[in-house]
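**Student:** First, the structure itself, so that you have it in front of you.
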Amino acid sequence: MKVKLIAGILLLITVVVVSCQSDEQVEFSRYYSGGSSIYQQHCQNCHGEKGEGLQSLIPPLTDSIYLKNNKTLLACFLKNGLKGKIIINKREFDDEMKPDELAPIEIAKVLTYVTNSFGNKMGVINLQMVEGDMAKCR
Amino acid sequence: MMRKLTLIGIMAFALLSSCTSKSNRLPILGSKNPVTKTVDGKQVTDTTYATIPDFKFVNQYGDTITAKNLDGKIYVADFFFTTCPSICPLMHRNMLNVYKEFKDDNNFRILSHTIDPKYDTVPVLKRYADKMGIAGNSWWLLHGNKGDTYGIAKSYLQSVQERNPAGQYIHDGFFILIDKQKRIRGTYEGTDPKEVDKLIADIKTLKAEPEQVAAK
């Protein structure tokens with residue numbers, strides 16, 4: 001009897017907590033947690049567990065200002081790769097990043113993860129945003 | 001009396017140090033061959049271990065490097081290529097820790113063989129070294145023809161393959177520890193930071209082995 005009561009109360013609390021989360025928060029959590037495992041599989045070997053990069057070969061993912069300024073280009077970087085000189089954390093990088101075969105939804109998830117990890121806080125980058133950005137890839 | 005005490009002291013020290021060196025010895029890997037020789041009319045059986053054969057490669061400075069350049073040195077070898085999109089950045093992120101730990105030891109080297117000699121020419125290797133922050137002579141990036149590199153990989157018990165249809169090279173990510181007698185003393189998964197910590201500890205153990213201390 002007591003067990004049932006406790007279980008009931010717990011269920012009630014869970015329902016209240018979940019319903020308290022806004023749709024945006026639910027969407028964010030879904031993208032972020034999915035992005036975490038995509039990052040481990042596709043990005044971490046080069047960019048590092050903490051987004052630290054590798055010396056002057058591979059840029060870190062910790063330059064929040066660069067990410068903000070290039071927010072709408074990030075999806076294209078992943079789709080088509082990135083070549084040429086870039087300045088990250090005031091340091092120059094000019095090696096090539098090869099494109100990876102990621103679906104738009106995976107790009108959205110991993111971008112949400114990266115832009116909200118390693119000291120970055122940019123909110124969700126969802127599928128609609130990625131599809132819009134990718135239509136304008138150069 | 002004093003002399004006797006000193007003698008006992010030396011004996012005790014010798015006993016102790018022989019015990020510790022035994023328990024702290026690294027294994028010798030690779031194939032073993034019993035060799036029977038006749039010494040002073042008696043049959044003596046000795047075990048010889050596989051050693052890394054002589055080689056000739058060129059480092060990032062354009063200097064020719066042979067096995068002779070490694071006489072009296074303990075070294076770690078691995079295989080990579082500069083455009084490797086998969087495990088190499090991770091391996092060399094970990095190898096940097098080995099480099100930092102031993103870069104001031106002139107009796108220690110790191111040898112990274114490129115398995116893509118067509119793209120990874122000497123200037124490309126130098127550029128890679130500069131970007132990695134590798135200076136001096138403690139970490140050599142070695143260029144050689146494909147046959148030589150793939151051949152030496154076998155001596156290190158490593159598997160490397162030609163570019164597959166997807167345009168990627170398949171290669172093992174191991175770091176191989178070689179002693180001053182050019183024998184294999186350990187292999188470590190270069191992508192695993194814990195294994196690389198063990199490699200660093202094992203290098204220290206190996207350096208302290210009496211046989212290594214004595215070898216020139």
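If you're wondering about the labels, chains in the structure tokens are A, B, ... by order shown, residues count from 1 in each chain, ligands from 1 in order shown.
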Produce a table with one row for each residue of chain B that has an atom at most 6 Å from any atom of chain A, each row naming the nearest atom pair and its distance in Å at one decimal; use only C-alpha atoms; arrange rows by chain and rising residue number; format as a Markdown table.

**Tutor:**
```
| residue | atom | partner | partner_atom | distance |
| --- | --- | --- | --- | --- |
| B:Pro89 | CA | A:Cys46 | CA | 5.3 |
| B:Leu90 | CA | A:Asn45 | CA | 5.1 |
| B:Lys131 | CA | A:Ser56 | CA | 4.8 |
| B:Met132 | CA | A:Gln55 | CA | 5.4 |
```

**Student:** For all heavy atoms, I'd like the residues from the last selection saved as an mmCIF file, in the first residue's frame.

**Tutor:**
```cif
data_model
loop_
_atom_site.group_PDB
_atom_site.id
_atom_site.type_symbol
_atom_site.label_atom_id
_atom_site.label_comp_id
_atom_site.auth_asym_id
_atom_site.auth_seq_id
_atom_site.Cartn_x
_atom_site.Cartn_y
_atom_site.Cartn_z
ATOM 1 N N PRO B 89 44.936 11.931 -35.404
ATOM 2 C CA PRO B 89 44.994 13.099 -34.506
ATOM 3 C C PRO B 89 44.922 12.682 -33.043
ATOM 4 O O PRO B 89 45.620 13.231 -32.188
ATOM 5 C CB PRO B 89 43.762 13.920 -34.900
ATOM 6 C CG PRO B 89 43.435 13.486 -36.286
ATOM 7 C CD PRO B 89 43.822 12.037 -36.351
ATOM 8 N N LEU B 90 44.098 11.670 -32.781
ATOM 9 C CA LEU B 90 43.953 11.171 -31.417
ATOM 10 C C LEU B 90 45.258 10.522 -30.942
ATOM 11 O O LEU B 90 45.725 10.758 -29.823
ATOM 12 C CB LEU B 90 42.804 10.157 -31.408
ATOM 13 C CG LEU B 90 42.401 9.524 -30.090
ATOM 14 C CD1 LEU B 90 42.114 10.577 -29.042
ATOM 15 C CD2 LEU B 90 41.175 8.648 -30.301
ATOM 16 N N LYS B 131 53.495 22.518 -36.942
ATOM 17 C CA LYS B 131 52.145 22.771 -36.426
ATOM 18 C C LYS B 131 51.853 21.989 -35.155
ATOM 19 O O LYS B 131 51.068 22.418 -34.321
ATOM 20 C CB LYS B 131 51.118 22.422 -37.498
ATOM 21 C CG LYS B 131 51.159 23.414 -38.638
ATOM 22 C CD LYS B 131 49.953 23.318 -39.504
ATOM 23 C CE LYS B 131 49.947 24.473 -40.462
ATOM 24 N NZ LYS B 131 48.720 24.523 -41.249
ATOM 25 N N MET B 132 52.491 20.844 -35.030
ATOM 26 C CA MET B 132 52.319 20.049 -33.805
ATOM 27 C C MET B 132 53.141 20.630 -32.659
ATOM 28 O O MET B 132 52.984 20.217 -31.508
ATOM 29 C CB MET B 132 52.761 18.600 -34.046
ATOM 30 C CG MET B 132 51.725 17.725 -34.724
ATOM 31 S SD MET B 132 50.305 17.364 -33.669
ATOM 32 C CE MET B 132 51.026 16.172 -32.543
#
```

**Student:** Which residues are close to Leu78 of chain A, i.e. within 10 Å by only C-alpha atoms, leaving aside same-chain residues fewer than 2 positions away? Reply as a PyMOL selection string.

**Tutor:** chain A and resi 73-76+80-82+97-102+104+107+110-111+134

**Student:** Could you build a table of the residues in segment 137-186 of chain B lying no more than 12 Å from segment 123-130 of chain B, giving for each the nearest pair of atoms and their separation in Å rounded to one decimal place, using only C-alpha atoms, ordered by chain and ascending residue number, as JSON lines?

**Tutor:**
```
{"residue": "B:Asn137", "atom": "CA", "partner": "B:Ala129", "partner_atom": "CA", "distance": 10.9}
{"residue": "B:Ser138", "atom": "CA", "partner": "B:Ala129", "partner_atom": "CA", "distance": 11.4}
{"residue": "B:Trp139", "atom": "CA", "partner": "B:Ala129", "partner_atom": "CA", "distance": 8.6}
{"residue": "B:Trp140", "atom": "CA", "partner": "B:Ala129", "partner_atom": "CA", "distance": 8.7}
{"residue": "B:Leu141", "atom": "CA", "partner": "B:Leu125", "partner_atom": "CA", "distance": 6.3}
{"residue": "B:Leu142", "atom": "CA", "partner": "B:Leu125", "partner_atom": "CA", "distance": 7.9}
{"residue": "B:His143", "atom": "CA", "partner": "B:Leu125", "partner_atom": "CA", "distance": 8.1}
{"residue": "B:Gly144", "atom": "CA", "partner": "B:Leu125", "partner_atom": "CA", "distance": 11.8}
```

**Student:** Dump all heavy atoms for the selected residues as a JSON list (two decimals), in the first residue's frame?

**Tutor:**
```
[["chain", "number", "residue", "atom", "x", "y", "z"],
["B", 137, "ASN", "N", 65.28, 17.07, -32.13],
["B", 137, "ASN", "CA", 65.45, 15.75, -32.73],
["B", 137, "ASN", "C", 64.82, 14.62, -31.93],
["B", 137, "ASN", "O", 65.12, 13.46, -32.16],
["B", 137, "ASN", "CB", 66.95, 15.47, -32.91],
["B", 137, "ASN", "CG", 67.43, 16.00, -34.25],
["B", 137, "ASN", "OD1", 66.98, 15.57, -35.31],
["B", 137, "ASN", "ND2", 68.32, 16.98, -34.20],
["B", 138, "SER", "N", 63.93, 14.94, -30.97],
["B", 138, "SER", "CA", 63.41, 13.83, -30.18],
["B", 138, "SER", "C", 62.25, 13.11, -30.87],
["B", 138, "SER", "O", 61.96, 11.96, -30.55],
["B", 138, "SER", "CB", 63.03, 14.28, -28.78],
["B", 138, "SER", "OG", 62.38, 15.50, -28.81],
["B", 139, "TRP", "N", 61.57, 13.78, -31.81],
["B", 139, "TRP", "CA", 60.46, 13.13, -32.53],
["B", 139, "TRP", "C", 60.71, 13.24, -34.01],
["B", 139, "TRP", "O", 60.63, 14.33, -34.57],
["B", 139, "TRP", "CB", 59.13, 13.78, -32.14],
["B", 139, "TRP", "CG", 57.89, 13.07, -32.61],
["B", 139, "TRP", "CD1", 57.81, 12.09, -33.57],
["B", 139, "TRP", "CD2", 56.55, 13.29, -32.16],
["B", 139, "TRP", "NE1", 56.50, 11.69, -33.74],
["B", 139, "TRP", "CE2", 55.71, 12.41, -32.89],
["B", 139, "TRP", "CE3", 55.97, 14.15, -31.22],
["B", 139, "TRP", "CZ2", 54.32, 12.37, -32.69],
["B", 139, "TRP", "CZ3", 54.59, 14.11, -31.03],
["B", 139, "TRP", "CH2", 53.78, 13.22, -31.76],
["B", 140, "TRP", "N", 61.04, 12.11, -34.64],
["B", 140, "TRP", "CA", 61.29, 12.11, -36.08],
["B", 140, "TRP", "C", 60.06, 11.61, -36.84],
["B", 140, "TRP", "O", 59.49, 10.58, -36.49],
["B", 140, "TRP", "CB", 62.48, 11.20, -36.42],
["B", 140, "TRP", "CG", 63.81, 11.79, -36.06],
["B", 140, "TRP", "CD1", 64.14, 13.12, -36.04],
["B", 140, "TRP", "CD2", 64.99, 11.07, -35.68],
["B", 140, "TRP", "NE1", 65.46, 13.26, -35.66],
["B", 140, "TRP", "CE2", 66.01, 12.03, -35.44],
["B", 140, "TRP", "CE3", 65.29, 9.71, -35.52],
["B", 140, "TRP", "CZ2", 67.30, 11.67, -35.05],
["B", 140, "TRP", "CZ3", 66.57, 9.36, -35.13],
["B", 140, "TRP", "CH2", 67.57, 10.33, -34.90],
["B", 141, "LEU", "N", 59.68, 12.35, -37.89],
["B", 141, "LEU", "CA", 58.62, 11.92, -38.80],
["B", 141, "LEU", "C", 59.33, 11.39, -40.03],
["B", 141, "LEU", "O", 60.07, 12.13, -40.67],
["B", 141, "LEU", "CB", 57.71, 13.09, -39.13],
["B", 141, "LEU", "CG", 57.14, 13.78, -37.88],
["B", 141, "LEU", "CD1", 56.61, 15.16, -38.20],
["B", 141, "LEU", "CD2", 56.04, 12.93, -37.26],
["B", 142, "LEU", "N", 59.13, 10.10, -40.32],
["B", 142, "LEU", "CA", 59.97, 9.44, -41.31],
["B", 142, "LEU", "C", 59.28, 9.16, -42.64],
["B", 142, "LEU", "O", 58.17, 8.62, -42.68],
["B", 142, "LEU", "CB", 60.52, 8.13, -40.73],
["B", 142, "LEU", "CG", 61.41, 8.29, -39.49],
["B", 142, "LEU", "CD1", 61.87, 6.93, -39.00],
["B", 142, "LEU", "CD2", 62.62, 9.19, -39.78],
["B", 143, "HIS", "N", 59.98, 9.54, -43.71],
["B", 143, "HIS", "CA", 59.52, 9.30, -45.07],
["B", 143, "HIS", "C", 60.37, 8.19, -45.68],
["B", 143, "HIS", "O", 61.59, 8.17, -45.50],
["B", 143, "HIS", "CB", 59.67, 10.59, -45.89],
["B", 143, "HIS", "CG", 59.23, 10.45, -47.31],
["B", 143, "HIS", "ND1", 60.07, 10.00, -48.31],
["B", 143, "HIS", "CD2", 58.04, 10.70, -47.90],
["B", 143, "HIS", "CE1", 59.40, 9.99, -49.45],
["B", 143, "HIS", "NE2", 58.17, 10.40, -49.24],
["B", 144, "GLY", "N", 59.74, 7.27, -46.40],
["B", 144, "GLY", "CA", 60.48, 6.23, -47.09],
["B", 144, "GLY", "C", 59.61, 5.65, -48.17],
["B", 144, "GLY", "O", 58.43, 6.01, -48.25]]
```

**Student:** Any chance you could list, as JSON, numbers by chain, the residues in chain A that come up strand (DSSP E or B) when DSSP is run on the backbone?

**Tutor:** {"A": [54, 58, 82, 86, 87, 88, 91, 92, 93, 97]}

**Student:** Please, could you write that set of residues out with C-alpha atoms as a PDB file, in the first residue's frame?

**Tutor:**
```pdb
ATOM      1  CA  LEU A  54      45.179  19.769 -31.589  1.00  0.00           C
ATOM      2  CA  ILE A  58      43.104  21.334 -35.680  1.00  0.00           C
ATOM      3  CA  LEU A  82      36.202  23.721 -44.678  1.00  0.00           C
ATOM      4  CA  ILE A  86      40.572  30.919 -40.407  1.00  0.00           C
ATOM      5  CA  ILE A  87      41.342  32.731 -37.158  1.00  0.00           C
ATOM      6  CA  ILE A  88      40.201  30.858 -34.053  1.00  0.00           C
ATOM      7  CA  ARG A  91      45.373  31.847 -33.808  1.00  0.00           C
ATOM      8  CA  GLU A  92      45.626  31.026 -37.485  1.00  0.00           C
ATOM      9  CA  PHE A  93      44.590  27.628 -38.880  1.00  0.00           C
ATOM     10  CA  MET A  97      38.454  19.672 -42.750  1.00  0.00           C
TER      11      MET A  97
END
```

**Student:** Give the helix (DSSP H, G or I) residues of segment 66-170 of chain B, as assigned by DSSP on the backbone, as a PyMOL selection string.

**Tutor:** chain B and resi 67-70+88-102+122-132+146-155

**Student:** Print the selection's residues with N, CA, C and O atoms to a file, as a short mmCIF file (atom, residue, chain, number, x, y, z; two decimals), in the first residue's frame.

**Tutor:**
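Printed below is part08.cif as written:
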```
data_model
loop_
_atom_site.label_atom_id
_atom_site.label_comp_id
_atom_site.auth_asym_id
_atom_site.auth_seq_id
_atom_site.Cartn_x
_atom_site.Cartn_y
_atom_site.Cartn_z
N ALA B 67 69.16 2.53 -38.63
CA ALA B 67 69.13 1.90 -37.31
C ALA B 67 70.31 2.38 -36.46
O ALA B 67 70.23 2.42 -35.23
N LYS B 68 71.40 2.75 -37.13
CA LYS B 68 72.60 3.20 -36.43
C LYS B 68 72.34 4.48 -35.61
O LYS B 68 72.90 4.67 -34.54
N ASN B 69 71.45 5.35 -36.14
CA ASN B 69 71.12 6.57 -35.43
C ASN B 69 70.39 6.29 -34.11
O ASN B 69 70.18 7.19 -33.30
N LEU B 70 69.95 5.02 -33.95
CA LEU B 70 69.21 4.67 -32.74
C LEU B 70 70.04 3.79 -31.81
O LEU B 70 69.52 3.31 -30.80
N CYS B 88 44.55 9.16 -36.33
CA CYS B 88 45.88 9.77 -36.15
C CYS B 88 45.89 11.00 -35.24
O CYS B 88 46.79 11.11 -34.40
N PRO B 89 44.94 11.93 -35.40
CA PRO B 89 44.99 13.10 -34.51
C PRO B 89 44.92 12.68 -33.04
O PRO B 89 45.62 13.23 -32.19
N LEU B 90 44.10 11.67 -32.78
CA LEU B 90 43.95 11.17 -31.42
C LEU B 90 45.26 10.52 -30.94
O LEU B 90 45.73 10.76 -29.82
N MET B 91 45.89 9.72 -31.83
CA MET B 91 47.16 9.07 -31.48
C MET B 91 48.22 10.11 -31.16
O MET B 91 48.95 10.00 -30.18
N HIS B 92 48.30 11.14 -32.00
CA HIS B 92 49.38 12.10 -31.81
C HIS B 92 49.08 13.11 -30.70
O HIS B 92 50.00 13.69 -30.13
N ARG B 93 47.79 13.29 -30.38
CA ARG B 93 47.46 14.07 -29.18
C ARG B 93 48.04 13.34 -27.96
O ARG B 93 48.61 13.96 -27.07
N ASN B 94 47.90 12.01 -27.96
CA ASN B 94 48.45 11.20 -26.85
C ASN B 94 49.98 11.11 -26.92
O ASN B 94 50.66 11.12 -25.89
N MET B 95 50.53 11.03 -28.15
CA MET B 95 51.98 10.91 -28.29
C MET B 95 52.67 12.18 -27.81
O MET B 95 53.81 12.13 -27.34
N LEU B 96 51.98 13.31 -27.93
CA LEU B 96 52.54 14.58 -27.44
C LEU B 96 52.93 14.47 -25.95
O LEU B 96 53.90 15.08 -25.52
N ASN B 97 52.13 13.71 -25.20
CA ASN B 97 52.45 13.53 -23.77
C ASN B 97 53.75 12.77 -23.59
O ASN B 97 54.53 13.08 -22.68
N VAL B 98 54.00 11.77 -24.45
CA VAL B 98 55.26 11.02 -24.41
C VAL B 98 56.40 11.97 -24.77
O VAL B 98 57.44 12.00 -24.12
N TYR B 99 56.18 12.75 -25.83
CA TYR B 99 57.19 13.73 -26.29
C TYR B 99 57.56 14.71 -25.18
O TYR B 99 58.73 14.94 -24.89
N LYS B 100 56.53 15.28 -24.55
CA LYS B 100 56.78 16.28 -23.50
C LYS B 100 57.56 15.68 -22.34
O LYS B 100 58.42 16.33 -21.75
N GLU B 101 57.26 14.42 -22.02
CA GLU B 101 57.90 13.76 -20.88
C GLU B 101 59.40 13.50 -21.12
O GLU B 101 60.20 13.63 -20.22
N PHE B 102 59.77 13.15 -22.37
CA PHE B 102 61.14 12.68 -22.61
C PHE B 102 61.92 13.52 -23.62
O PHE B 102 62.99 13.11 -24.06
N VAL B 122 58.89 15.23 -47.49
CA VAL B 122 59.66 15.80 -46.38
C VAL B 122 59.15 17.20 -45.97
O VAL B 122 58.94 17.45 -44.79
N PRO B 123 58.90 18.11 -46.93
CA PRO B 123 58.38 19.43 -46.51
C PRO B 123 57.01 19.34 -45.83
O PRO B 123 56.72 20.11 -44.91
N VAL B 124 56.17 18.40 -46.29
CA VAL B 124 54.85 18.23 -45.66
C VAL B 124 55.03 17.74 -44.21
O VAL B 124 54.34 18.20 -43.29
N LEU B 125 55.98 16.83 -44.02
CA LEU B 125 56.25 16.32 -42.67
C LEU B 125 56.79 17.43 -41.76
O LEU B 125 56.45 17.52 -40.59
N LYS B 126 57.64 18.29 -42.34
CA LYS B 126 58.20 19.40 -41.55
C LYS B 126 57.10 20.37 -41.13
O LYS B 126 57.06 20.82 -39.98
N ARG B 127 56.20 20.64 -42.06
CA ARG B 127 55.09 21.53 -41.77
C ARG B 127 54.21 20.94 -40.66
O ARG B 127 53.77 21.64 -39.74
N TYR B 128 53.97 19.64 -40.75
CA TYR B 128 53.18 18.95 -39.73
C TYR B 128 53.86 19.05 -38.36
O TYR B 128 53.21 19.36 -37.35
N ALA B 129 55.19 18.82 -38.37
CA ALA B 129 55.95 18.90 -37.11
C ALA B 129 55.84 20.29 -36.50
O ALA B 129 55.60 20.45 -35.30
N ASP B 130 56.00 21.32 -37.35
CA ASP B 130 55.91 22.70 -36.87
C ASP B 130 54.54 22.97 -36.25
O ASP B 130 54.43 23.56 -35.17
N LYS B 131 53.49 22.52 -36.94
CA LYS B 131 52.15 22.77 -36.43
C LYS B 131 51.85 21.99 -35.15
O LYS B 131 51.07 22.42 -34.32
N MET B 132 52.49 20.84 -35.03
CA MET B 132 52.32 20.05 -33.81
C MET B 132 53.14 20.63 -32.66
O MET B 132 52.98 20.22 -31.51
N LYS B 146 57.21 3.03 -50.04
CA LYS B 146 56.13 2.27 -49.45
C LYS B 146 56.57 0.87 -49.01
O LYS B 146 56.24 0.42 -47.91
N GLY B 147 57.34 0.19 -49.87
CA GLY B 147 57.78 -1.17 -49.57
C GLY B 147 58.59 -1.21 -48.28
O GLY B 147 58.38 -2.09 -47.44
N ASP B 148 59.50 -0.26 -48.12
CA ASP B 148 60.33 -0.22 -46.91
C ASP B 148 59.49 0.01 -45.66
O ASP B 148 59.68 -0.63 -44.63
N THR B 149 58.56 0.97 -45.78
CA THR B 149 57.73 1.29 -44.61
C THR B 149 56.82 0.12 -44.24
O THR B 149 56.70 -0.25 -43.07
N TYR B 150 56.17 -0.47 -45.25
CA TYR B 150 55.27 -1.59 -44.97
C TYR B 150 56.06 -2.79 -44.46
O TYR B 150 55.59 -3.56 -43.65
N GLY B 151 57.30 -2.92 -44.94
CA GLY B 151 58.17 -4.01 -44.49
C GLY B 151 58.55 -3.85 -43.02
O GLY B 151 58.46 -4.79 -42.24
N ILE B 152 58.94 -2.63 -42.65
CA ILE B 152 59.36 -2.40 -41.26
C ILE B 152 58.15 -2.53 -40.33
O ILE B 152 58.28 -2.96 -39.19
N ALA B 153 56.96 -2.20 -40.83
CA ALA B 153 55.74 -2.33 -40.03
C ALA B 153 55.57 -3.78 -39.56
O ALA B 153 55.20 -4.04 -38.42
N LYS B 154 55.90 -4.72 -40.46
CA LYS B 154 55.80 -6.14 -40.11
C LYS B 154 56.75 -6.49 -38.97
O LYS B 154 56.41 -7.24 -38.07
N SER B 155 57.96 -5.91 -39.01
CA SER B 155 58.93 -6.16 -37.93
C SER B 155 58.40 -5.64 -36.59
O SER B 155 58.73 -6.17 -35.54
#
```

**Student:** One number please: atom CA of Ile115 of chain B to atom CA of Phe79 of chain B, in Å, one decimal.

**Tutor:**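 Result for atom CA of Ile115 of chain B versus atom CA of Phe79 of chain B: 6.5 Å, one decimal.
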
**Student:** Applying 7 Å and only C-alpha atoms, which residues near segment 194-209 of chain B remain after dropping the ones on its own chain fewer than 2 positions away? List them as an mmCIF file with C-alpha atoms, in the first residue's frame.

**Tutor:**
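After the write, out_12.cif holds the following:
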```cif
data_model
loop_
_atom_site.group_PDB
_atom_site.id
_atom_site.type_symbol
_atom_site.label_atom_id
_atom_site.label_comp_id
_atom_site.auth_asym_id
_atom_site.auth_seq_id
_atom_site.Cartn_x
_atom_site.Cartn_y
_atom_site.Cartn_z
ATOM 1 C CA SER B 21 65.077 -5.124 -11.177
ATOM 2 C CA ASN B 24 60.325 -4.455 -12.698
ATOM 3 C CA ARG B 25 61.523 -5.964 -15.962
ATOM 4 C CA LEU B 26 59.411 -5.513 -19.056
ATOM 5 C CA ASN B 94 48.450 11.201 -26.852
ATOM 6 C CA VAL B 98 55.257 11.024 -24.409
ATOM 7 C CA TYR B 188 50.251 0.151 -26.526
ATOM 8 C CA GLU B 189 46.943 1.255 -28.049
ATOM 9 C CA GLY B 190 47.845 4.807 -29.079
ATOM 10 C CA ASP B 192 43.755 5.189 -25.389
ATOM 11 C CA GLU B 211 70.979 -3.970 -19.242
ATOM 12 C CA GLN B 212 69.683 -0.690 -20.709
ATOM 13 C CA VAL B 213 71.775 1.482 -18.415
#
```

**Student:** Provide the atom CA of Lys37 of chain B to atom CA of Thr51 of chain B distance in Å, to one decimal place.

**Tutor:**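 Between atom CA of Lys37 of chain B and atom CA of Thr51 of chain B the gap is 19.4 Å.
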